[in-house]
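S.K.: Got a structure for you, data_17.txt, holding compact mmCIF, C-alpha atoms.
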# COMPACT_ATOMS: atom_id res chain seq x y z
CA MET A 1 0.00 0.00 0.00
CA ALA A 2 1.40 3.38 -1.01
CA ARG A 3 2.35 5.66 1.85
CA ARG A 4 0.67 9.09 2.05
CA GLU A 5 2.85 12.09 1.34
CA ARG A 6 3.63 14.33 4.29
CA GLY A 7 1.09 17.14 4.52
CA SER A 8 -1.51 15.36 2.38
CA GLY A 9 -3.81 14.75 5.34
CA SER A 10 -5.79 11.66 6.33
CA VAL A 11 -9.26 10.24 5.63
CA TYR A 12 -11.24 8.02 8.00
CA LYS A 13 -14.76 7.07 9.11
CA ASP A 14 -16.23 9.34 11.77
CA PRO A 15 -16.39 7.26 14.93
CA ASN A 16 -19.06 9.48 16.46
CA ARG A 17 -21.37 9.75 13.44
CA PRO A 18 -22.14 6.57 11.55
CA GLY A 19 -22.25 7.01 7.77
CA ARG A 20 -19.95 10.04 7.80
CA TRP A 21 -16.37 10.35 6.62
CA VAL A 22 -13.79 12.83 7.90
CA GLY A 23 -10.73 14.31 6.26
CA GLU A 24 -8.17 16.29 8.23
CA VAL A 25 -4.90 18.07 7.61
CA VAL A 26 -2.60 20.21 9.75
CA ILE A 27 -2.24 23.80 8.51
CA ASP A 28 0.09 26.19 10.32
CA GLY A 29 0.08 23.95 13.39
CA LYS A 30 -3.72 23.72 13.56
CA ARG A 31 -5.82 20.70 12.64
CA ARG A 32 -8.44 21.48 9.97
CA ARG A 33 -11.29 19.05 9.25
CA VAL A 34 -13.84 18.46 6.47
CA SER A 35 -16.63 15.86 6.36
CA ALA A 36 -18.95 14.19 3.84
CA ARG A 37 -21.28 11.23 3.44
CA ASN A 38 -18.80 9.13 1.50
CA LYS A 39 -15.05 8.71 1.14
CA THR A 40 -14.89 10.10 -2.42
CA ASP A 41 -16.56 13.39 -1.46
CA VAL A 42 -14.44 13.90 1.63
CA GLN A 43 -11.28 13.23 -0.39
CA ALA A 44 -12.37 15.92 -2.88
CA LYS A 45 -12.99 18.41 -0.04
CA LEU A 46 -9.64 17.59 1.51
CA ARG A 47 -7.83 18.11 -1.81
CA ASP A 48 -9.56 21.49 -2.17
CA LEU A 49 -8.49 22.47 1.35
CA ILE A 50 -4.89 21.47 0.65
CA THR A 51 -4.91 23.36 -2.68
CA LYS A 52 -6.08 26.50 -0.92
CA ARG A 53 -3.40 26.01 1.72
CA ASP A 54 -0.66 25.64 -0.87
CA SER A 55 -1.85 28.66 -2.89
CA GLY A 56 -2.07 30.89 0.19
CA GLN A 57 -5.84 31.31 0.04
CA LEU A 58 -6.56 30.25 3.61
CA VAL A 59 -6.80 32.63 6.52
CA VAL A 60 -3.82 31.85 8.72
CA ASP A 61 -5.18 33.37 11.91
CA ARG A 62 -8.90 33.96 12.27
CA ARG A 63 -8.29 36.21 15.27
CA ILE A 64 -6.41 38.89 13.31
CA THR A 65 -8.31 42.17 12.90
CA VAL A 66 -8.45 44.79 10.18
CA ALA A 67 -6.62 47.20 12.49
CA GLU A 68 -3.76 44.76 12.88
CA ILE A 69 -3.29 44.21 9.15
CA VAL A 70 -3.45 47.99 8.53
CA ALA A 71 -0.80 48.55 11.19
CA THR A 72 1.40 45.83 9.68
CA PHE A 73 1.02 47.36 6.21
CA MET A 74 2.04 50.80 7.50
CA GLU A 75 5.03 49.34 9.34
CA ARG A 76 6.34 46.83 6.78
CA GLU A 77 4.95 47.62 3.34
CA LEU A 78 4.67 51.41 3.13
CA PRO A 79 8.34 52.21 3.91
CA ASN A 80 9.42 50.02 0.98
CA MET A 81 7.01 51.43 -1.58
CA THR A 82 8.32 53.58 -4.44
CA ARG A 83 6.94 55.54 -7.38
CA ASN A 84 8.92 55.61 -10.60
CA GLY A 85 11.89 54.24 -8.68
CA ARG A 86 11.79 57.04 -6.09
CA PRO A 87 10.52 57.02 -2.47
CA LEU A 88 6.94 58.11 -2.00
CA ALA A 89 6.40 61.83 -1.53
CA PRO A 90 5.46 62.95 2.01
CA SER A 91 2.04 64.02 0.71
CA THR A 92 1.43 60.48 -0.58
CA ILE A 93 2.46 59.00 2.75
CA GLU A 94 0.06 61.40 4.47
CA THR A 95 -2.75 60.03 2.28
CA TYR A 96 -2.00 56.48 3.47
CA GLU A 97 -1.94 57.71 7.06
CA TRP A 98 -5.26 59.48 6.52
CA ALA A 99 -6.82 56.28 5.14
CA ALA A 100 -5.30 54.07 7.85
CA LYS A 101 -6.73 56.31 10.57
CA ILE A 102 -10.25 56.23 9.11
CA VAL A 103 -10.27 52.49 8.38
CA THR A 104 -8.97 51.68 11.86
CA ALA A 105 -11.58 53.88 13.51
CA GLU A 106 -14.48 52.57 11.40
CA ILE A 107 -13.82 48.82 11.00
CA GLY A 108 -10.56 48.21 12.85
CA SER A 109 -12.15 45.80 15.34
CA VAL A 110 -13.66 43.60 12.59
CA LYS A 111 -11.96 40.22 12.21
CA LEU A 112 -10.21 40.03 8.86
CA ALA A 113 -11.81 36.64 8.20
CA ALA A 114 -15.26 38.15 8.77
CA LEU A 115 -14.73 41.19 6.54
CA THR A 116 -17.29 41.26 3.72
CA VAL A 117 -18.26 43.47 0.82
CA ALA A 118 -21.29 44.56 2.83
CA THR A 119 -19.05 45.64 5.73
CA VAL A 120 -16.95 47.83 3.45
CA GLU A 121 -19.99 49.35 1.73
CA ALA A 122 -21.61 50.09 5.09
CA MET A 123 -18.47 51.92 6.19
CA LEU A 124 -18.42 54.04 3.01
CA ASP A 125 -22.13 54.83 3.44
CA ARG A 126 -21.51 56.04 7.01
CA LEU A 127 -18.65 58.27 5.92
CA VAL A 128 -20.77 59.92 3.25
CA ALA A 129 -23.74 60.35 5.61
CA LYS A 130 -21.85 61.56 8.70
CA ARG A 131 -18.70 63.21 7.37
CA LYS A 132 -20.14 64.38 4.05
CA MET A 133 -17.16 62.74 2.37
CA SER A 134 -16.91 63.59 -1.33
CA LYS A 135 -16.93 60.98 -4.07
CA ALA A 136 -13.26 61.65 -4.79
CA SER A 137 -12.35 61.01 -1.14
CA VAL A 138 -14.46 57.84 -1.03
CA VAL A 139 -12.73 56.52 -4.15
CA LYS A 140 -9.34 57.32 -2.63
CA LEU A 141 -10.23 55.62 0.65
CA ARG A 142 -11.54 52.49 -1.06
CA SER A 143 -8.35 52.32 -3.13
CA LYS A 144 -6.15 52.48 -0.03
CA LEU A 145 -8.30 49.91 1.78
CA SER A 146 -7.92 47.65 -1.25
CA GLN A 147 -4.15 47.95 -0.88
CA PHE A 148 -4.34 47.10 2.82
CA ILE A 149 -6.43 44.01 2.12
CA GLY A 150 -4.36 43.08 -0.93
CA PHE A 151 -1.36 43.05 1.39
CA ALA A 152 -3.17 40.55 3.64
CA GLU A 153 -4.21 38.53 0.58
CA ARG A 154 -0.60 38.17 -0.55
CA ARG A 155 0.31 36.97 2.94
CA GLY A 156 -2.38 34.29 2.80
CA GLN A 157 -4.43 35.95 5.55
CA ILE A 158 -7.63 36.38 3.53
CA GLN A 159 -9.10 34.63 0.51
CA ARG A 160 -10.28 37.60 -1.56
CA ASN A 161 -10.04 41.36 -1.66
CA VAL A 162 -13.54 42.50 -0.74
CA ALA A 163 -12.68 46.20 -1.10
CA LYS A 164 -12.28 45.74 -4.86
CA LEU A 165 -15.82 44.38 -5.02
CA ALA A 166 -17.43 47.14 -2.93
CA SER A 167 -19.52 49.68 -4.80
CA LEU A 168 -19.52 53.41 -4.09
CA PRO A 169 -22.32 55.05 -2.11
CA PRO A 170 -24.93 56.46 -4.52
CA LYS A 171 -25.22 59.65 -2.47
CA ALA A 172 -21.53 60.54 -2.52
CA ALA A 173 -21.25 64.13 -3.71
CA ASP A 174 -18.86 65.23 -6.40
CA ARG A 175 -15.84 67.20 -5.21
CA GLN A 176 -16.65 70.84 -4.59
CA GLU A 177 -15.18 73.09 -7.22
CA ARG A 178 -12.22 75.06 -5.93
CA ASN A 179 -12.47 78.79 -5.56
CA SER A 180 -11.03 81.01 -8.26
CA LEU A 181 -10.63 84.76 -8.28
CA THR A 182 -12.01 87.05 -10.95
CA PRO A 183 -9.59 89.56 -12.52
CA ASP A 184 -10.89 92.40 -10.30
CA GLN A 185 -10.59 90.25 -7.18
CA ALA A 186 -7.08 89.15 -8.16
CA ARG A 187 -5.97 92.77 -8.62
CA ALA A 188 -7.47 93.73 -5.25
CA LEU A 189 -5.65 90.88 -3.53
CA LEU A 190 -2.34 91.73 -5.23
CA ALA A 191 -2.65 95.31 -3.97
CA VAL A 192 -2.94 94.06 -0.38
CA LEU A 193 -0.18 91.47 -0.78
CA ARG A 194 2.23 94.13 -2.07
CA THR A 195 2.33 95.57 1.47
CA SER A 196 2.61 92.15 3.15
CA ARG A 197 5.98 90.89 4.43
CA ASN A 198 6.05 87.63 2.41
CA GLY A 199 3.38 88.76 -0.03
CA ALA A 200 5.55 87.97 -3.08
CA MET A 201 5.37 84.28 -2.15
CA PHE A 202 1.64 84.37 -2.84
CA GLY A 203 2.22 86.64 -5.83
CA LEU A 204 4.33 83.92 -7.48
CA SER A 205 1.44 81.46 -7.13
CA LEU A 206 -1.17 83.88 -8.43
CA LEU A 207 0.90 85.29 -11.31
CA LEU A 208 3.01 82.26 -12.33
CA GLY A 209 1.08 79.31 -10.92
CA LEU A 210 3.74 78.02 -8.52
CA ARG A 211 2.63 75.40 -6.05
CA PRO A 212 2.72 76.67 -2.44
CA GLY A 213 5.64 74.37 -1.63
CA GLU A 214 7.53 75.47 -4.75
CA ALA A 215 7.24 79.14 -3.82
CA ALA A 216 8.14 78.51 -0.16
CA GLY A 217 11.15 76.41 -1.16
CA LEU A 218 12.84 78.94 -3.48
CA TRP A 219 16.46 79.91 -2.91
CA TRP A 220 17.81 83.28 -4.02
CA ARG A 221 20.11 81.55 -6.49
CA ASP A 222 16.96 80.27 -8.25
CA ILE A 223 15.96 83.83 -9.15
CA ASP A 224 17.79 85.97 -11.71
CA LEU A 225 16.57 89.55 -11.43
CA LYS A 226 19.35 91.12 -13.54
CA ALA A 227 19.05 89.09 -16.75
CA GLU A 228 17.64 90.61 -19.91
CA MET A 229 14.67 88.33 -19.28
CA PRO A 230 14.47 87.86 -15.47
CA THR A 231 13.55 84.29 -14.53
CA VAL A 232 12.80 81.92 -11.66
CA ASN A 233 14.04 78.32 -11.73
CA VAL A 234 11.63 75.95 -10.00
CA THR A 235 13.85 73.06 -8.90
CA ARG A 236 12.88 72.29 -5.30
CA GLY A 237 10.04 72.65 -2.87
CA LEU A 238 9.04 72.76 0.78
CA GLN A 239 7.63 69.39 1.84
CA LEU A 240 5.96 68.19 5.01
CA ASP A 241 6.72 64.79 6.53
CA ARG A 242 4.67 64.02 9.64
CA GLY A 243 4.49 67.68 10.53
CA ALA A 244 8.17 68.48 9.96
CA SER A 245 9.10 70.69 6.99
CA SER A 246 12.17 70.33 4.79
CA ILE A 247 13.43 71.53 1.41
CA SER A 248 13.55 68.74 -1.17
CA ASP A 249 14.68 68.43 -4.80
CA ASP A 250 12.04 65.72 -5.28
CA LEU A 251 9.22 67.68 -6.90
CA LYS A 252 5.81 66.28 -7.76
CA THR A 253 6.57 65.38 -11.41
CA THR A 254 9.51 65.55 -13.82
CA LYS A 255 7.77 68.46 -15.59
CA SER A 256 7.62 70.35 -12.29
CA LYS A 257 11.22 71.46 -12.75
CA ARG A 258 10.90 74.46 -15.04
CA THR A 259 12.22 77.94 -15.76
CA LEU A 260 9.65 80.74 -15.87
CA ALA A 261 9.92 84.36 -16.98
CA LEU A 262 9.12 86.85 -14.24
CA THR A 263 6.55 89.55 -14.89
CA PRO A 264 7.68 93.19 -14.42
CA LEU A 265 5.57 93.37 -11.26
CA LEU A 266 7.32 90.34 -9.78
CA VAL A 267 10.78 91.68 -10.68
CA THR A 268 10.10 94.90 -8.78
CA TRP A 269 8.38 93.07 -5.95
CA LEU A 270 11.16 90.50 -5.43
CA SER A 271 13.86 93.21 -5.62
CA GLU A 272 12.13 95.12 -2.84
CA HIS A 273 11.66 91.92 -0.86
CA LYS A 274 15.37 91.08 -1.14
CA LYS A 275 16.38 94.49 0.22
CA ALA A 276 13.86 94.21 3.07
CA GLN A 277 15.14 90.74 3.96
CA ALA A 278 18.74 91.98 4.06
CA LYS A 279 17.74 94.68 6.58
CA GLU A 280 15.88 92.10 8.66
CA ARG A 281 18.91 89.84 8.68
CA LEU A 282 21.20 92.60 9.94
CA ALA A 283 18.74 93.58 12.66
CA ALA A 284 18.02 90.03 13.85
CA ASP A 285 19.68 88.64 16.98
CA ARG A 286 20.04 85.33 15.20
CA TRP A 287 19.46 84.19 11.62
CA VAL A 288 19.21 80.65 10.24
CA ASP A 289 20.97 80.92 6.89
CA GLN A 290 19.08 78.59 4.54
CA ARG A 291 19.41 80.80 1.44
CA LEU A 292 15.62 80.97 1.27
CA VAL A 293 13.72 83.73 -0.49
CA PHE A 294 10.81 83.56 1.95
CA THR A 295 11.51 83.07 5.64
CA THR A 296 10.41 83.78 9.17
CA ARG A 297 11.99 86.76 10.95
CA THR A 298 14.85 84.47 11.97
CA GLY A 299 15.54 83.00 8.52
CA ALA A 300 13.69 79.69 9.02
CA THR A 301 11.23 78.12 6.59
CA VAL A 302 7.71 79.52 6.61
CA ASP A 303 5.23 77.18 8.28
CA PRO A 304 2.40 76.22 5.88
CA LYS A 305 -0.22 76.83 8.59
CA GLU A 306 1.14 80.34 9.05
CA SER A 307 1.01 80.86 5.28
CA ARG A 308 -2.66 79.91 5.21
CA ARG A 309 -3.39 82.31 8.07
CA LEU A 310 -1.55 85.21 6.41
CA LEU A 311 -3.31 84.64 3.10
CA ALA A 312 -6.70 84.48 4.80
CA GLU A 313 -6.00 87.83 6.46
CA ALA A 314 -4.95 89.37 3.13
CA CYS A 315 -8.12 88.09 1.43
CA LYS A 316 -10.30 89.62 4.13
CA ALA A 317 -8.43 92.92 3.86
CA ALA A 318 -8.93 92.88 0.08
CA GLU A 319 -12.61 91.97 0.53
CA VAL A 320 -12.34 88.89 -1.69
CA PRO A 321 -13.29 85.25 -0.95
CA VAL A 322 -10.85 83.65 1.48
CA MET A 323 -8.46 81.51 -0.55
CA ARG A 324 -6.12 78.70 0.35
CA PRO A 325 -2.56 78.97 -1.03
CA ASN A 326 -3.10 76.22 -3.62
CA GLU A 327 -6.22 77.99 -4.87
CA LEU A 328 -4.06 80.90 -6.03
CA ARG A 329 -2.47 78.47 -8.49
CA HIS A 330 -5.93 77.45 -9.64
CA SER A 331 -6.85 81.10 -10.07
CA CYS A 332 -3.74 81.68 -12.15
CA ALA A 333 -4.75 78.93 -14.58
CA SER A 334 -8.34 80.09 -14.77
CA LEU A 335 -7.43 83.74 -15.32
CA LEU A 336 -5.05 82.83 -18.14
CA ALA A 337 -7.54 80.45 -19.73
CA ASP A 338 -10.21 83.11 -19.56
CA GLU A 339 -7.86 85.43 -21.45
CA GLY A 340 -7.59 82.85 -24.22
CA VAL A 341 -4.12 81.47 -23.39
CA ALA A 342 -3.69 78.00 -24.90
CA HIS A 343 -4.04 75.10 -22.49
CA GLU A 344 -0.68 73.73 -23.61
CA LEU A 345 1.06 76.93 -22.51
CA ILE A 346 -0.79 76.96 -19.19
CA ALA A 347 0.22 73.32 -18.60
CA ASP A 348 3.88 74.24 -19.23
CA LEU A 349 3.61 77.16 -16.81
CA LEU A 350 2.10 74.99 -14.08
CA GLY A 351 4.52 72.11 -14.66
CA HIS A 352 2.05 69.55 -16.00
CA ALA A 353 3.05 66.92 -18.56
CA THR A 354 -0.30 67.17 -20.39
CA THR A 355 -3.26 69.54 -20.62
CA ARG A 356 -5.62 67.08 -18.90
CA MET A 357 -5.24 68.62 -15.44
CA VAL A 358 -5.71 72.11 -16.85
CA GLU A 359 -8.87 71.12 -18.68
CA GLN A 360 -10.41 69.02 -15.89
CA THR A 361 -9.18 70.61 -12.68
CA TYR A 362 -7.92 74.16 -13.01
CA ARG A 363 -10.24 75.64 -15.64
CA HIS A 364 -12.79 77.46 -13.48
CA ARG A 365 -15.49 79.32 -15.31
CA LEU A 366 -15.11 83.02 -14.59
CA ARG A 367 -17.71 84.21 -17.07
CA PRO A 368 -21.30 83.27 -16.25
CA VAL A 369 -22.02 81.82 -19.71
CA VAL A 370 -19.98 80.08 -22.41
CA ASP A 371 -20.65 82.60 -25.16
CA VAL A 372 -18.29 81.47 -27.90
CA ALA A 373 -21.13 80.51 -30.24
CA THR A 374 -22.95 83.80 -29.65
CA ARG A 375 -19.81 85.80 -30.30
CA ALA A 376 -19.13 83.91 -33.54
CA ASN A 377 -22.76 84.28 -34.60
CA TRP A 378 -22.09 82.55 -37.93
CA SER A 379 -25.77 82.04 -38.70
CA GLN A 380 -26.54 85.77 -38.77
CA THR A 381 -26.69 87.12 -42.33
CA SER A 382 -25.11 90.47 -42.98
Using structure tokens, write down the structure from this file.
M.R.:
Amino acid sequence: MARRERGSGSVYKDPNRPGRWVGEVVIDGKRRRVSARNKTDVQAKLRDLITKRDSGQLVVDRRITVAEIVATFMERELPNMTRNGRPLAPSTIETYEWAAKIVTAEIGSVKLAALTVATVEAMLDRLVAKRKMSKASVVKLRSKLSQFIGFAERRGQIQRNVAKLASLPPKAADRQERNSLTPDQARALLAVLRTSRNGAMFGLSLLLGLRPGEAAGLWWRDIDLKAEMPTVNVTRGLQLDRGASSISDDLKTTKSKRTLALTPLLVTWLSEHKKAQAKERLAADRWVDQRLVFTTRTGATVDPKESRRLLAEACKAAEVPVMRPNELRHSCASLLADEGVAHELIADLLGHATTRMVEQTYRHRLRPVVDVATRANWSQTS
């Protein structure tokens, strides 16, 4: 009689239930059993169980929770993840942390083995109902949850990725359109910013479309005010990593590194700012020399929270809608598009590889009606 291979399990009659057969196999130190009315059926069930074991489809520990697998992902998987061969940007890591916090709070206590499509959908429904989460945020959260569960799936801790199968809440609202200034509002804000200590930092975003971090991360050597065509080289940016700020050469995309011509207003503004900074430096008791264009009164990097506060104050003083720093960049694109500037040129200015983002995200309608057909008026006979 042929000897059974190690790990292939055993089949025998159930001594406690006449007419029943039992198959059992040890998986990860635990005995797993199947039963059937005849030997052939129990052998088939046992083979299926062994196949799932060998392919990593069985839950290793039925006590493990969603919170535990999320924590393991954040500890083991996230630090090793890259994008285009480079470490993830701090903003991307913050998105994972945001998702991990929500998932842990909402379904962290659920056993991974008991997680179902219905559980995930119920969580998304609650977030839309209670937190008024937008459709874009729901999609982003589901995507990150899918990565958490996919991590568990690869480790053989769950049989299928239920997050991929979950549908979006029907009541999830589309993302609110970002604010954009009209030409009159933009001019009013610029007038107030001209008298503000670091106002030129916001002026670069409104007039040239720099990202807030790109403007805050500029060094003086990036700006040439004496050239026949004065320019600013965007090559680095201020980034946040778990609340700490640093200057990094790792910008958002390869197209982000760009050289832009400065407007006459910005040339004058930055020249005045440079002289004012030099006086501040001489008068300061201490100065952190980081070669930055925009600093605190001691030469340190400008805190993004402080930037938001200063801009909000300037908006109120100019009697325009309160803007966030990144919305100045959006306003820049919209103002240029409204003046008829080609989307390709706007994309180059903003540092985008294609015009898609300009067309879908930044193009805010400043005029109340799209009147191109009326203005053409081709059907009117002369």
S.K.: Please determine, counting only C-alpha atoms, which residue among A:Ile64, A:Lys45, A:Arg86, A:Ala216 has the shortest atom-to-atom distance to Glu306 (chain A).
M.R.: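 Closest residue, counting only C-alpha atoms: A:Ala216.
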S.K.: What does the distance from CA of Val11 (chain A) to CA of Arg53 (chain A) come to in Å, to one decimal?
M.R.: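 Between CA of Val11 (chain A) and CA of Arg53 (chain A) the gap is 17.3 Å.
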S.K.: May I ask for the distance between CA of Ala122 (chain A) and CA of Glu77 (chain A), given in Å to one decimal place?
M.R.: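 Distance reported for this atom pair: 26.7 Å.
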S.K.: Quote the spacing between CA of Leu218 (chain A) and CA of Glu97 (chain A) in Å to one decimal place.
M.R.: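 Between CA of Leu218 (chain A) and CA of Glu97 (chain A) the gap works out to 27.9 Å.
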S.K.: Hey, which of A:Ala89, A:Val117, A:Ala261, A:Leu207 ends up closest to Leu181 (chain A)? Count all atoms listed in the file.
M.R.: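 Going through A:Ala89, A:Val117, A:Ala261, A:Leu207 one by one, the smallest distance to Leu181 (chain A) is for A:Leu207.
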S.K.: With distances taken over all atoms listed in the file, which residue among A:Leu193, A:Ile107, A:Val26, A:Ile50 lies nearest Thr65 (chain A)?
M.R.: A:Ile107
S.K.: Would you please work out which residue, of A:Lys130, A:His330, A:Arg20, A:Arg197, is nearest to Val302 (chain A) when using all atoms listed in the file?
M.R.: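 Comparing A:Lys130, A:His330, A:Arg20, A:Arg197 against Val302 (chain A), the winner is A:Arg197.
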S.K.: Per residue of region 66-137 of chain A within 7 Å of region 162-172 of chain A, record the nearest atom pair and its distance in Å to one decimal, counting all atoms listed in the file, with rows in chain order and ascending residue number, as CSV.
M.R.:
residue,atom,partner,partner_atom,distance
A:Thr116,CA,A:Val162,CA,6.0
A:Val117,CA,A:Val162,CA,5.1
A:Val120,CA,A:Ala166,CA,6.4
A:Glu121,CA,A:Ala166,CA,5.8
A:Leu124,CA,A:Pro169,CA,6.5
A:Asp125,CA,A:Pro169,CA,5.6
A:Val128,CA,A:Ala172,CA,5.9
A:Met133,CA,A:Ala172,CA,6.9
A:Ser134,CA,A:Ala172,CA,5.7
A:Lys135,CA,A:Ala172,CA,4.9
S.K.: Put those residues in a file: C-alpha atoms, as a PDB file, keeping the file's coordinate frame.
M.R.:
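Output below, filename result_31.pdb:
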ATOM      1  CA  THR A 116     -17.290  41.260   3.720  1.00  0.00           C
ATOM      2  CA  VAL A 117     -18.260  43.470   0.820  1.00  0.00           C
ATOM      3  CA  VAL A 120     -16.950  47.830   3.450  1.00  0.00           C
ATOM      4  CA  GLU A 121     -19.990  49.350   1.730  1.00  0.00           C
ATOM      5  CA  LEU A 124     -18.420  54.040   3.010  1.00  0.00           C
ATOM      6  CA  ASP A 125     -22.130  54.830   3.440  1.00  0.00           C
ATOM      7  CA  VAL A 128     -20.770  59.920   3.250  1.00  0.00           C
ATOM      8  CA  MET A 133     -17.160  62.740   2.370  1.00  0.00           C
ATOM      9  CA  SER A 134     -16.910  63.590  -1.330  1.00  0.00           C
ATOM     10  CA  LYS A 135     -16.930  60.980  -4.070  1.00  0.00           C
TER      11      LYS A 135
END
S.K.: Using all atoms listed in the file, which of the listed residues (A:Val70, A:Ala347, A:Leu311, A:Ala44) sits closest to Trp21 (chain A)?
M.R.: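 Nearest to Trp21 (chain A): A:Ala44.
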S.K.: Neighbouring residues of Arg33 (chain A) were defined as those with any atom within 12 Å, considering only C-alpha atoms; residues of the same chain fewer than 6 positions away were excluded. Please report them as a list in words.
M.R.: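 My list of contacting residues is Gly9, Ser10, Val11, Tyr12, Asp14, Trp21, Val22, Gly23, Glu24, Val25, Val26, Ile27, Val42, Gln43, Lys45, Leu46, Arg47, Asp48, Leu49 and Ile50 of chain A.
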S.K.: With C-alpha atoms retained, write the just-selected residues as an mmCIF file, keeping the file's coordinate frame.
M.R.:
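Contents of the output file result12.cif:
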data_model
loop_
_atom_site.group_PDB
_atom_site.id
_atom_site.type_symbol
_atom_site.label_atom_id
_atom_site.label_comp_id
_atom_site.auth_asym_id
_atom_site.auth_seq_id
_atom_site.Cartn_x
_atom_site.Cartn_y
_atom_site.Cartn_z
ATOM 1 C CA GLY A 9 -3.810 14.750 5.340
ATOM 2 C CA SER A 10 -5.790 11.660 6.330
ATOM 3 C CA VAL A 11 -9.260 10.240 5.630
ATOM 4 C CA TYR A 12 -11.240 8.020 8.000
ATOM 5 C CA ASP A 14 -16.230 9.340 11.770
ATOM 6 C CA TRP A 21 -16.370 10.350 6.620
ATOM 7 C CA VAL A 22 -13.790 12.830 7.900
ATOM 8 C CA GLY A 23 -10.730 14.310 6.260
ATOM 9 C CA GLU A 24 -8.170 16.290 8.230
ATOM 10 C CA VAL A 25 -4.900 18.070 7.610
ATOM 11 C CA VAL A 26 -2.600 20.210 9.750
ATOM 12 C CA ILE A 27 -2.240 23.800 8.510
ATOM 13 C CA VAL A 42 -14.440 13.900 1.630
ATOM 14 C CA GLN A 43 -11.280 13.230 -0.390
ATOM 15 C CA LYS A 45 -12.990 18.410 -0.040
ATOM 16 C CA LEU A 46 -9.640 17.590 1.510
ATOM 17 C CA ARG A 47 -7.830 18.110 -1.810
ATOM 18 C CA ASP A 48 -9.560 21.490 -2.170
ATOM 19 C CA LEU A 49 -8.490 22.470 1.350
ATOM 20 C CA ILE A 50 -4.890 21.470 0.650
#
S.K.: Would you kindly return, as a list in words, each protein, DNA or RNA residue with an atom no farther than 9 Å from any atom of region 284-301 of chain A, considering all atoms listed in the file and excluding same-chain residues fewer than 3 positions away?
M.R.: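 Here the qualifying residues turn out to be Asn198, Ala200, Met201, Ala215, Ala216, Gly217, Leu218, Trp219, Trp220, Arg221, Ile223, Leu238, Ser245, Ser246, Ile247, Leu270, His273, Lys274, Gln277, Lys279, Glu280 and Arg281 of chain A.
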S.K.: Using the file's own x, y and z axes, so that the box edges lie along x, y and z, what centre and edge lengths in Å (one decimal) does a box around every listed atom of region 30-49 of chain A get when 6 Å is added on each side? Give it as AutoDock Vina command-line options.
M.R.:
--center_x -12.5 --center_y 16.2 --center_z 5.3 --size_x 29.6 --size_y 27.0 --size_z 28.4
S.K.: What's the 12 Å shell around Ser271 (chain A), counting all atoms listed in the file, without same-chain residues fewer than 4 positions away, as a list in words?
M.R.: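 Near Ser271 (chain A), the qualifying residues are Ala200, Trp220, Ile223, Asp224, Leu225, Lys226, Pro230, Leu262, Pro264, Leu265, Leu266, Val267, Lys275, Ala276, Gln277, Ala278 and Val293 of chain A.
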